[in-house]
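Trainee: Structure supplied as run01.tsv; contents: TSV, C-alpha atoms.
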chain	number	residue	atom	x	y	z
A	416	MET	CA	-32.07	-21.42	292.46
A	417	GLU	CA	-33.05	-21.50	288.83
A	418	SER	CA	-30.58	-23.32	286.63
A	419	GLY	CA	-32.17	-22.76	283.24
A	420	ILE	CA	-31.91	-26.47	282.38
A	421	ALA	CA	-35.09	-28.51	281.98
A	422	GLY	CA	-35.34	-31.41	284.38
A	423	ASP	CA	-33.23	-29.78	287.09
A	424	PRO	CA	-34.67	-31.12	290.35
A	425	LEU	CA	-34.16	-27.82	292.13
A	426	SER	CA	-35.56	-25.57	289.44
A	427	ASP	CA	-38.40	-23.28	290.40
A	428	SER	CA	-40.81	-24.83	287.96
A	429	GLY	CA	-40.98	-27.25	285.12
A	430	GLU	CA	-40.12	-30.87	284.77
A	431	GLY	CA	-38.95	-32.36	288.07
A	432	GLY	CA	-39.15	-29.07	289.95
A	433	ILE	CA	-41.72	-27.61	292.29
A	434	SER	CA	-43.79	-24.61	291.30
A	435	TYR	CA	-44.28	-21.81	293.79
A	436	ASP	CA	-48.07	-22.17	293.40
A	437	SER	CA	-47.97	-25.66	294.94
A	438	LEU	CA	-45.76	-24.61	297.89
A	439	SER	CA	-48.68	-23.37	299.96
A	440	SER	CA	-50.21	-26.85	300.09
A	441	ILE	CA	-46.96	-28.77	300.64
A	442	THR	CA	-45.40	-29.51	304.02
A	443	TYR	CA	-41.71	-29.07	304.76
A	444	THR	CA	-41.32	-32.83	305.06
A	445	GLU	CA	-42.77	-33.32	301.59
A	446	LEU	CA	-40.51	-30.56	300.27
A	447	PHE	CA	-37.42	-32.18	301.79
A	448	GLU	CA	-38.48	-35.60	300.54
A	449	THR	CA	-38.85	-34.15	297.05
A	450	HIS	CA	-35.26	-32.85	297.14
A	451	LEU	CA	-33.73	-35.86	298.91
A	452	PRO	CA	-33.14	-37.96	295.73
A	453	PHE	CA	-31.27	-35.08	294.11
A	454	PHE	CA	-28.92	-34.60	297.05
A	455	LEU	CA	-28.38	-38.35	297.36
A	456	SER	CA	-27.50	-38.45	293.65
A	457	ILE	CA	-24.78	-35.83	294.09
A	458	GLY	CA	-23.12	-37.70	296.94
A	459	MET	CA	-24.76	-36.40	300.10
A	460	SER	CA	-25.59	-39.14	302.59
A	461	TYR	CA	-29.04	-39.69	304.02
A	462	GLU	CA	-27.78	-38.79	307.50
A	463	GLN	CA	-26.16	-35.58	306.29
A	464	PHE	CA	-29.35	-34.55	304.55
A	465	TRP	CA	-31.68	-35.18	307.48
A	466	ASP	CA	-29.43	-34.74	310.54
A	467	GLY	CA	-26.52	-32.64	309.33
A	468	ASP	CA	-25.97	-28.91	309.23
A	469	VAL	CA	-28.15	-27.08	306.70
A	470	GLN	CA	-25.04	-25.47	305.22
A	471	ILE	CA	-23.83	-28.88	304.01
A	472	ALA	CA	-26.66	-29.03	301.46
A	473	LYS	CA	-25.68	-25.59	300.20
A	474	TYR	CA	-22.07	-26.70	299.74
A	475	TYR	CA	-23.10	-29.90	297.97
A	476	ARG	CA	-25.26	-27.81	295.64
A	477	ARG	CA	-22.36	-25.42	294.91
A	478	ALA	CA	-20.02	-28.35	294.28
A	479	TYR	CA	-22.61	-29.86	291.94
A	480	GLU	CA	-22.93	-26.60	290.00
A	481	GLN	CA	-19.15	-26.24	289.75
A	482	LYS	CA	-18.83	-29.81	288.52
A	483	ARG	CA	-21.50	-29.20	285.88
A	484	GLU	CA	-19.74	-26.01	284.81
A	485	ARG	CA	-16.42	-27.89	284.54
A	486	ILE	CA	-18.04	-30.64	282.46
A	487	ASN	CA	-19.65	-28.00	280.23
A	488	GLU	CA	-16.26	-26.35	279.67
A	489	GLN	CA	-14.68	-29.74	278.87
A	490	LEU	CA	-17.39	-30.49	276.34
A	491	TRP	CA	-17.00	-27.04	274.81
A	492	LEU	CA	-13.24	-27.61	274.51
A	493	GLN	CA	-13.88	-31.01	272.94
A	494	GLY	CA	-16.18	-29.33	270.42
A	495	LEU	CA	-13.43	-26.80	269.68
A	496	TYR	CA	-10.96	-29.60	268.95
A	497	ILE	CA	-13.47	-31.36	266.69
A	498	TYR	CA	-14.25	-28.10	264.88
A	499	ASP	CA	-10.55	-27.41	264.37
A	500	ALA	CA	-9.96	-30.95	263.10
A	501	LEU	CA	-12.85	-30.65	260.63
A	502	LEU	CA	-11.53	-27.34	259.32
A	503	ARG	CA	-8.10	-28.87	258.84
A	504	VAL	CA	-9.39	-31.82	256.79
A	505	ALA	CA	-12.10	-29.88	254.94
A	506	PRO	CA	-10.03	-29.52	251.74
A	507	ALA	CA	-9.95	-33.32	251.42
A	508	PHE	CA	-13.73	-33.37	251.15
A	509	ARG	CA	-13.84	-30.88	248.28
A	510	PRO	CA	-13.06	-32.78	245.08
A	511	MET	CA	-12.18	-29.67	243.06
A	512	SER	CA	-9.95	-28.18	245.76
A	513	LYS	CA	-6.24	-28.30	245.14
A	514	ALA	CA	-5.40	-27.52	248.77
A	515	ASP	CA	-4.06	-30.34	250.92
A	516	PRO	CA	-5.49	-31.04	254.36
A	517	GLU	CA	-3.53	-29.49	257.19
A	518	LYS	CA	-1.86	-31.61	259.85
A	519	TYR	CA	-3.54	-31.93	263.23
A	520	MET	CA	-2.23	-29.73	266.04
A	521	HIS	CA	1.04	-31.05	267.45
A	522	GLU	CA	0.21	-29.96	271.00
A	523	PRO	CA	-2.95	-29.20	272.95
A	524	LEU	CA	-4.46	-25.75	273.23
A	525	PRO	CA	-3.33	-23.87	276.35
A	526	ILE	CA	-6.25	-23.53	278.76
A	527	THR	CA	-4.51	-22.15	281.86
A	528	GLU	CA	-2.65	-18.89	282.34
A	529	THR	CA	0.59	-20.79	283.02
A	530	ALA	CA	0.23	-22.89	279.88
A	531	LEU	CA	-0.56	-19.78	277.85
A	532	LYS	CA	2.55	-18.00	279.16
A	533	GLN	CA	4.68	-21.08	278.44
A	534	ARG	CA	3.30	-21.24	274.89
A	535	LYS	CA	4.10	-17.56	274.31
A	536	VAL	CA	7.65	-18.00	275.64
A	537	LYS	CA	8.11	-21.08	273.44
A	538	GLU	CA	6.82	-19.22	270.37
A	539	ALA	CA	9.06	-16.23	271.12
A	540	LYS	CA	12.10	-18.50	271.42
A	541	ALA	CA	11.20	-20.26	268.16
A	542	LYS	CA	10.82	-16.89	266.44
A	543	GLN	CA	14.19	-15.71	267.77
A	544	GLU	CA	15.80	-18.97	266.62
A	545	SER	CA	14.27	-18.54	263.16
A	546	ILE	CA	15.56	-14.96	262.94
A	547	ARG	CA	19.02	-16.11	264.10
A	548	GLU	CA	19.09	-18.87	261.47
A	549	LYS	CA	18.06	-16.44	258.74
A	550	ALA	CA	20.72	-13.96	259.86
A	551	GLU	CA	23.37	-16.71	259.83
A	552	ALA	CA	22.27	-17.84	256.37
A	553	PHE	CA	22.38	-14.24	255.12
A	554	ALA	CA	25.83	-13.71	256.62
A	555	SER	CA	27.09	-16.98	255.14
A	556	ASN	CA	25.77	-16.10	251.68
A	557	PHE	CA	27.16	-12.58	251.97
A	558	ASN	CA	30.60	-13.96	252.96
A	559	LYS	CA	30.52	-16.38	249.99
A	560	ILE	CA	29.71	-13.50	247.66
A	561	LEU	CA	32.59	-11.47	249.10
A	562	LYS	CA	35.01	-14.42	248.76
A	563	ASN	CA	33.94	-15.02	245.15
A	564	LYS	CA	34.31	-11.33	244.40
A	565	LYS	CA	37.74	-11.27	246.03
A	566	ARG	CA	38.84	-14.35	244.04
A	567	LYS	CA	37.65	-12.79	240.81
A	568	GLU	CA	39.56	-9.63	241.62
A	569	GLU	CA	42.69	-11.68	242.44
A	570	ASN	CA	42.27	-13.70	239.24
A	571	ASN	CA	41.78	-10.49	237.22
A	572	ALA	CA	44.82	-8.90	238.91
A	573	GLY	CA	46.90	-12.08	238.28
A	574	ALA	CA	45.79	-12.17	234.65
A	575	ASP	CA	46.74	-8.52	234.17
A	576	ASP	CA	50.32	-9.17	235.33
Show the structure stored in the file as structure tokens.
Mentor:
Amino acid sequence: MESGIAGDPLSDSGEGGISYDSLSSITYTELFETHLPFFLSIGMSYEQFWDGDVQIAKYYRRAYEQKRERINEQLWLQGLYIYDALLRVAPAFRPMSKADPEKYMHEPLPITETALKQRKVKEAKAKQESIREKAEAFASNFNKILKNKKRKEENNAGADD
């Protein structure tokens, strides 16, 4: 059950853990008493630890590891937001730079599959709308050019009469 983090109470050795060398001279009661504070700290009751099913401790440990993993992911995501924000304002900290700082993101990063799909659909719709607007602008300008050309031809034909 090695976690790789110093100070983990259930690590095989190191700070707070029990080394395998000392296991031969330790009783099961002492071993359980060594681990009791850890399991109490993650929400397991005293009665569950001593009188409950052994599997409960395993599930508490898994829940603890999943919670730590979730917290680690949240902190990583927070770091990503901070990094992005620093990159966006970096031009403001360079006195000779003529670039303006970028605006902060207008919506959060998608972190679930559903959110990612929704973002892609939203971007596709925005792209289609942009293309439609450009096509309408092109058609409008083209029609104006044709009308002006037609007027000029009518004016030239009227002047020739």
Trainee: What does the structure give for the distance between atom CA of A:Ile457 and atom CA of A:Asn487, in Å to one decimal?
Mentor: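 Atom-to-atom, atom CA of A:Ile457 to atom CA of A:Asn487, that is 16.7 Å.
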Trainee: Could you jot down the atom CA of A:Gln493 to atom CA of A:Gly458 separation for me, Å, one decimal place?
Mentor: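 Separation between atom CA of A:Gln493 and atom CA of A:Gly458: 26.6 Å.
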Trainee: Report the distance between atom CA of A:Leu524 and atom CA of A:Arg485 in Å, rounded to one decimal place.
Mentor: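 Pair atom CA of A:Leu524 / atom CA of A:Arg485 returns 16.6 Å.
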Trainee: Of the residues A:Lys559, A:Ala552, A:Ala472, A:Gly467, which is the one nearest to A:His450, using only C-alpha atoms?
Mentor: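 Smallest distance to A:His450 is found for A:Ala472.
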